[in-house]
Amino acid sequence: MTTIPVASTTALVLDLAGTFAFALNGALTAVRTARLDIVGVVTLGMITALGGGILRDVLLGALPPATFSDWRYLVVAAVGGLLAFALSRQLERLATPITVFDALGLSLFAVTGATRAAELGAGVGQAVLLGTITAVGGGTLRDVLVRRIPTVLSSELYAIPALVGATVVVGAERLGVGGPLWVLVGAGACFAIRMLGVGFRLDAPRPPGAGSAS
Amino acid sequence: MTTIPVASTTALVLDLAGTFAFALNGALTAVRTARLDIVGVVTLGMITALGGGILRDVLLGALPPATFSDWRYLVVAAVGGLLAFALSRQLERLATPITVFDALGLSLFAVTGATRAAELGAGVGQAVLLGTITAVGGGTLRDVLVRRIPTVLSSELYAIPALVGATVVVGAERLGVGGPLWVLVGAGACFAIRMLGVGFRLDAPRPPGAGSAS
Amino acid sequence: MTTIPVASTTALVLDLAGTFAFALNGALTAVRTARLDIVGVVTLGMITALGGGILRDVLLGALPPATFSDWRYLVVAAVGGLLAFALSRQLERLATPITVFDALGLSLFAVTGATRAAELGAGVGQAVLLGTITAVGGGTLRDVLVRRIPTVLSSELYAIPALVGATVVVGAERLGVGGPLWVLVGAGACFAIRMLGVGFRLDAPRPPGAGSAS
């Protein structure tokens with residue numbers, strides 16, 4: 001298997017950080033939702049962490065996926081899952097980490113996914129969409145496997161912040177001002193909008209007439 | 001990303017019509033089943049509309065999928081989802097549209113999916129199977145995401161009409177009489193069988209001895 | 001479509017045997033869990049039988065998947081599904097076949113999946129992981145489609161025996177002693193561990209503190 005080189009160290013570090021955050025989130029979800037054993041916990045952590053990048057690379061035709069040909073992703077995802085398993089008791093007492101890790105992974109994958117798609121030749125619109133799919137993909141697989149309506153369909157702002165983060169990065173690059181700064185601005189914007197959405201239980205508009213019914 | 005050219009204008013028009021029908025169906029399903037917000041509604045519409053074609057192209061190794069490299073599919077799917085969101089109140093009063101849009105998408109994708117698979121070099125059997133997968137794939141993803149047993153597994157005739165439609169098209173082409181006429185015959189046969197199945201609640205045979213139990 | 005040649009007759013026979021076992025298992029699951037009609041039963045049998053190999057080949061970038069370009073897999077999967085449908089009444093009286101067929105498919109796919117991944121150039125770790133994914137993939141799709149928490153997440157030892165079987169085969173090959181004997185040893189070890197896990201309801205360790213709660 002050949003490894004498609006990641007453009008910069010910044011991108012790689014952010015991508016591995018997102019992988020780690022989603023592995024913690026997925027593993028904690030397994031502990032909390034379904035009281036799974038260690039294999040189930042680590043498996044769900046790894047699927048959550050690697051799923052978005054795999055979907056992106058399948059849609060780009062960049063196979064085998066980077067998360068499979070580059071061992072660092074597999075190791076970081078496995079370590080994150082094992083760590084969450086070992087520390088689940090401590091982490092469970094805190095109500096927020098599961099949400100924060102999810103928002104972190106969402107924000108980091110939105111920008112790194114969009115960057116990677118653009119590098120591999122995707123157009124502006126496709127790069128933004130693929131960044132969003134990278135961001136929401138792993139969590140969607142996670143929710144399907146533990147039989148929840150996926151967050152991307154049901155929750156407070158989830159796809160929209162990812163779309164914003166991806167747009168910032170792709171837009172900056174097209175305007176010739178790309179670089180680590182705008183990557184961080186994009187990720188920061190995504191994270192801020194997502195956490196505001198969770199904090200204030202903001203929803204996107206509902207269908208006309210549906211609000212009164214539910 | 002390179003676009004794999006679609007053989008004819010007829011095929012493209014029918015494919016976009018199927019995409020539109022499934023986008024309406026998926027979005028209305030989101031409104032009815034889960035009372036989702038606008039992002040959830042449009043997302044489910046787009047997944048229903050694009051899922052079958054993506055599965056087909058992954059199985060053909062024709063990546064990136066046509067639905068991703070050709071913007072028209074993305075736009076038609078998004079417009080269909082937004083339209084269903086805006087008109088959901090009006091459309092919901094009518095009981096049938098959700099079923100009719102599904103049958104339309106099923107019929108159109110069965111013939112266009114089989115045609116595309118044959119064009120890309122699949123054998124007769126594979127082309128028929130890939131047409132069927134294109135037809136039932138999006139609806140299956142839709143059902144998994146809103147936690148229903150997929151229609152293809154549980155419902156009145158669903159995979160069989162798609163199989164019939166795909167067989168008509170591939171068979172006609174192999175006999176040297178392919179063309180728009182047989183594409184319409186295949187789609188029409190699929191639509192008719194599906195709607196008869198829904199109307200008369202016809203099921204395929206059940207396991208011996210199972211009928212009395214349920 | 002081109003067929004990627006399978007290394008040896010042994011590997012092909014074992015792979016088809018695993019396909020057959022999973023087709024019986026998936027179809028019986030459809031009969032028992034959801035009282036599906038013949039199309040649903042055969043469809044679930046085929047997805048269970050072919051799903052793991054498709055996931056493996058997508059992750060390897062070996063598209064179209066072998067299970068699609070080689071008709072023997074499709075035929076064996078369909079025959080297995082039809083047979084289970086026809087004999088479901090007889091087979092249902094016996095409590096164990098559904099579990100045994102699953103363990104057989106798991107064991108055979110763990111070794112053939114790992115072998116195929118190694119042949120296609122995957123590294124040691126990736127080959128072991130891809131063998132495991134081949135083994136657990138079809139059953140995971142099956143469980144998602146009938147709305148169960150996947151066995152790989154929830155059950156007694158399931159991923160671990162597959163990991164052991166794949167490791168034996170890849171390890172033996174790397175040490176230069178590969179061949180049919182070690183393939184059978186790997187599959188046998190996987191089958192034995194899995195059936196012991198089912199028989200004694202063994203679980204992998206649970207999160208600290210979770211045992212007393214459940």
# chains A, B, ... in the order shown; residues from 1 in each chain; ligands from 1
>>> interface_residues(of="chain B", to="chain A", cutoff="10 Å", atoms="only C-alpha atoms", output="ChimeraX atom specification")
/B:1-2,30-32,34-44,54,57-58,61-71,74,84-90,144-147
>>> write_last_selection(atoms="N, CA and C atoms", output="compact mmCIF listing (two decimals), in the first residue's frame")
# COMPACT_ATOMS: atom_id res chain seq x y z
N MET B 1 -11.04 15.95 -10.12
CA MET B 1 -11.86 14.77 -10.35
C MET B 1 -12.33 14.75 -11.80
N THR B 2 -12.29 13.61 -12.40
CA THR B 2 -12.75 13.48 -13.77
C THR B 2 -14.18 12.95 -13.79
N ALA B 30 -37.97 12.08 6.40
CA ALA B 30 -37.36 12.75 7.55
C ALA B 30 -38.39 13.61 8.28
N VAL B 31 -39.24 14.31 7.52
CA VAL B 31 -40.27 15.16 8.13
C VAL B 31 -41.27 14.30 8.89
N ARG B 32 -41.72 13.23 8.24
CA ARG B 32 -42.80 12.43 8.82
C ARG B 32 -42.31 11.57 9.98
N ALA B 34 -39.33 11.51 11.74
CA ALA B 34 -38.47 11.92 12.85
C ALA B 34 -38.56 13.40 13.16
N ARG B 35 -39.42 14.14 12.47
CA ARG B 35 -39.58 15.57 12.76
C ARG B 35 -38.23 16.27 12.85
N LEU B 36 -37.39 16.05 11.85
CA LEU B 36 -36.05 16.61 11.88
C LEU B 36 -36.06 18.09 11.49
N ASP B 37 -34.96 18.79 11.79
CA ASP B 37 -34.83 20.18 11.36
C ASP B 37 -34.38 20.22 9.90
N ILE B 38 -34.20 21.42 9.36
CA ILE B 38 -33.94 21.55 7.92
C ILE B 38 -32.67 20.81 7.49
N VAL B 39 -31.64 20.82 8.33
CA VAL B 39 -30.40 20.13 7.95
C VAL B 39 -30.63 18.63 7.90
N GLY B 40 -31.34 18.10 8.89
CA GLY B 40 -31.62 16.68 8.89
C GLY B 40 -32.47 16.27 7.71
N VAL B 41 -33.47 17.10 7.38
CA VAL B 41 -34.36 16.80 6.26
C VAL B 41 -33.59 16.78 4.94
N VAL B 42 -32.80 17.83 4.71
CA VAL B 42 -32.05 17.89 3.44
C VAL B 42 -30.98 16.81 3.40
N THR B 43 -30.33 16.56 4.54
CA THR B 43 -29.30 15.51 4.57
C THR B 43 -29.90 14.15 4.23
N LEU B 44 -31.03 13.82 4.85
CA LEU B 44 -31.63 12.51 4.57
C LEU B 44 -32.11 12.44 3.12
N ILE B 54 -23.81 5.95 -5.38
CA ILE B 54 -22.49 5.85 -4.76
C ILE B 54 -22.12 4.39 -4.53
N ASP B 57 -21.16 2.81 -7.85
CA ASP B 57 -19.86 3.20 -8.38
C ASP B 57 -18.71 2.66 -7.53
N VAL B 58 -18.93 2.52 -6.21
CA VAL B 58 -17.91 1.89 -5.38
C VAL B 58 -17.73 0.44 -5.81
N GLY B 61 -15.87 0.17 -8.87
CA GLY B 61 -14.54 0.77 -8.84
C GLY B 61 -14.44 2.03 -9.68
N ALA B 62 -15.59 2.65 -9.99
CA ALA B 62 -15.60 3.87 -10.80
C ALA B 62 -15.60 5.09 -9.87
N LEU B 63 -14.44 5.32 -9.23
CA LEU B 63 -14.35 6.39 -8.24
C LEU B 63 -13.55 7.57 -8.77
N PRO B 64 -13.83 8.81 -8.33
CA PRO B 64 -14.96 9.18 -7.48
C PRO B 64 -16.30 8.92 -8.16
N PRO B 65 -17.35 8.67 -7.34
CA PRO B 65 -18.66 8.36 -7.91
C PRO B 65 -19.16 9.49 -8.80
N ALA B 66 -19.91 9.14 -9.84
CA ALA B 66 -20.47 10.15 -10.74
C ALA B 66 -21.28 11.20 -9.99
N THR B 67 -21.99 10.76 -8.96
CA THR B 67 -22.83 11.69 -8.20
C THR B 67 -22.01 12.71 -7.44
N PHE B 68 -20.71 12.46 -7.32
CA PHE B 68 -19.87 13.40 -6.61
C PHE B 68 -19.05 14.26 -7.57
N SER B 69 -18.66 13.67 -8.69
CA SER B 69 -17.83 14.44 -9.61
C SER B 69 -18.68 15.30 -10.54
N ASP B 70 -19.96 14.98 -10.66
CA ASP B 70 -20.86 15.75 -11.52
C ASP B 70 -21.80 16.56 -10.63
N TRP B 71 -21.62 17.89 -10.65
CA TRP B 71 -22.36 18.76 -9.75
C TRP B 71 -23.87 18.70 -9.92
N LEU B 74 -25.62 16.66 -7.26
CA LEU B 74 -25.64 17.29 -5.94
C LEU B 74 -26.68 18.39 -5.88
N ALA B 84 -38.97 19.69 -0.64
CA ALA B 84 -39.81 18.85 0.22
C ALA B 84 -39.95 19.46 1.60
N PHE B 85 -38.85 20.08 2.08
CA PHE B 85 -38.91 20.74 3.38
C PHE B 85 -39.92 21.88 3.36
N ALA B 86 -39.84 22.70 2.31
CA ALA B 86 -40.72 23.87 2.23
C ALA B 86 -42.18 23.48 2.05
N LEU B 87 -42.42 22.43 1.27
CA LEU B 87 -43.79 22.04 0.94
C LEU B 87 -44.30 20.88 1.78
N SER B 88 -43.56 20.54 2.86
CA SER B 88 -43.91 19.31 3.58
C SER B 88 -45.34 19.33 4.08
N ARG B 89 -45.80 20.51 4.51
CA ARG B 89 -47.14 20.57 5.06
C ARG B 89 -48.18 20.22 4.01
N GLN B 90 -48.00 20.79 2.81
CA GLN B 90 -48.93 20.50 1.73
C GLN B 90 -48.85 19.04 1.30
N VAL B 144 -32.01 2.67 7.45
CA VAL B 144 -31.07 2.41 8.53
C VAL B 144 -30.90 3.67 9.38
N LEU B 145 -30.81 4.83 8.73
CA LEU B 145 -30.56 6.07 9.46
C LEU B 145 -31.75 6.49 10.32
N VAL B 146 -32.97 6.18 9.91
CA VAL B 146 -34.12 6.50 10.77
C VAL B 146 -34.58 5.25 11.52
N ARG B 147 -33.75 4.25 11.59
CA ARG B 147 -33.97 3.05 12.41
C ARG B 147 -35.23 2.28 12.05
>>> residues_around(residues="segment 183-191 of chain A", least_positions_apart="4", cutoff="6 Å", atoms="only C-alpha atoms", output="CSV table (one decimal) with C-alpha atoms, in the first residue's frame")
chain,number,residue,atom,x,y,z
A,103,ALA,CA,-17.0,18.8,18.9
A,107,SER,CA,-13.9,20.8,14.0
A,108,LEU,CA,-10.5,19.3,13.2
A,161,PRO,CA,-20.6,24.3,11.9
A,162,ALA,CA,-18.7,21.6,9.9
A,165,GLY,CA,-15.3,25.3,9.1
A,168,VAL,CA,-13.4,29.0,5.7
A,169,VAL,CA,-10.4,26.7,4.9
>>> residues_around(residues="Phe22 of chain A", least_positions_apart="4", cutoff="8 Å", atoms="only C-alpha atoms", output="list in words")
Gly18, Gly26, Gly45, Thr48, Ala49, Phe101, Asp102, Leu104, Gly105, Gly138 and Gly139 of chain A
>>> residues_around(residues="Thr10 of chain B", least_positions_apart="4", cutoff="9 Å", atoms="only C-alpha atoms", output="list in words")
Leu14, Asp15 and Pro180 of chain B
>>> write_last_selection(atoms="C-alpha atoms", output="PDB file, in the first residue's frame")
ATOM      1  CA  LEU B  14     -33.765   9.835 -16.258  1.00  0.00           C
ATOM      2  CA  ASP B  15     -30.959   9.604 -13.715  1.00  0.00           C
ATOM      3  CA  PRO B 180     -34.748   4.740 -24.993  1.00  0.00           C
TER       4      PRO B 180
END
>>> residues_around(residues="Thr132 of chain A", least_positions_apart="5", cutoff="8 Å", atoms="only C-alpha atoms", output="list in words")
Phe109, Ala110, Gly113, Ala114, Ala159, Ala162, Leu163 and Ala166 of chain A
>>> closest_residue(among="A:Ala11, A:Leu82, A:Met46, A:Val136", to="Glu119 of chain A", atoms="only C-alpha atoms")
A:Ala11
>>> closest_residue(among="A:Leu28, A:Val170, A:Leu12, A:Leu181", to="Ile98 of chain A", atoms="only C-alpha atoms")
A:Leu28
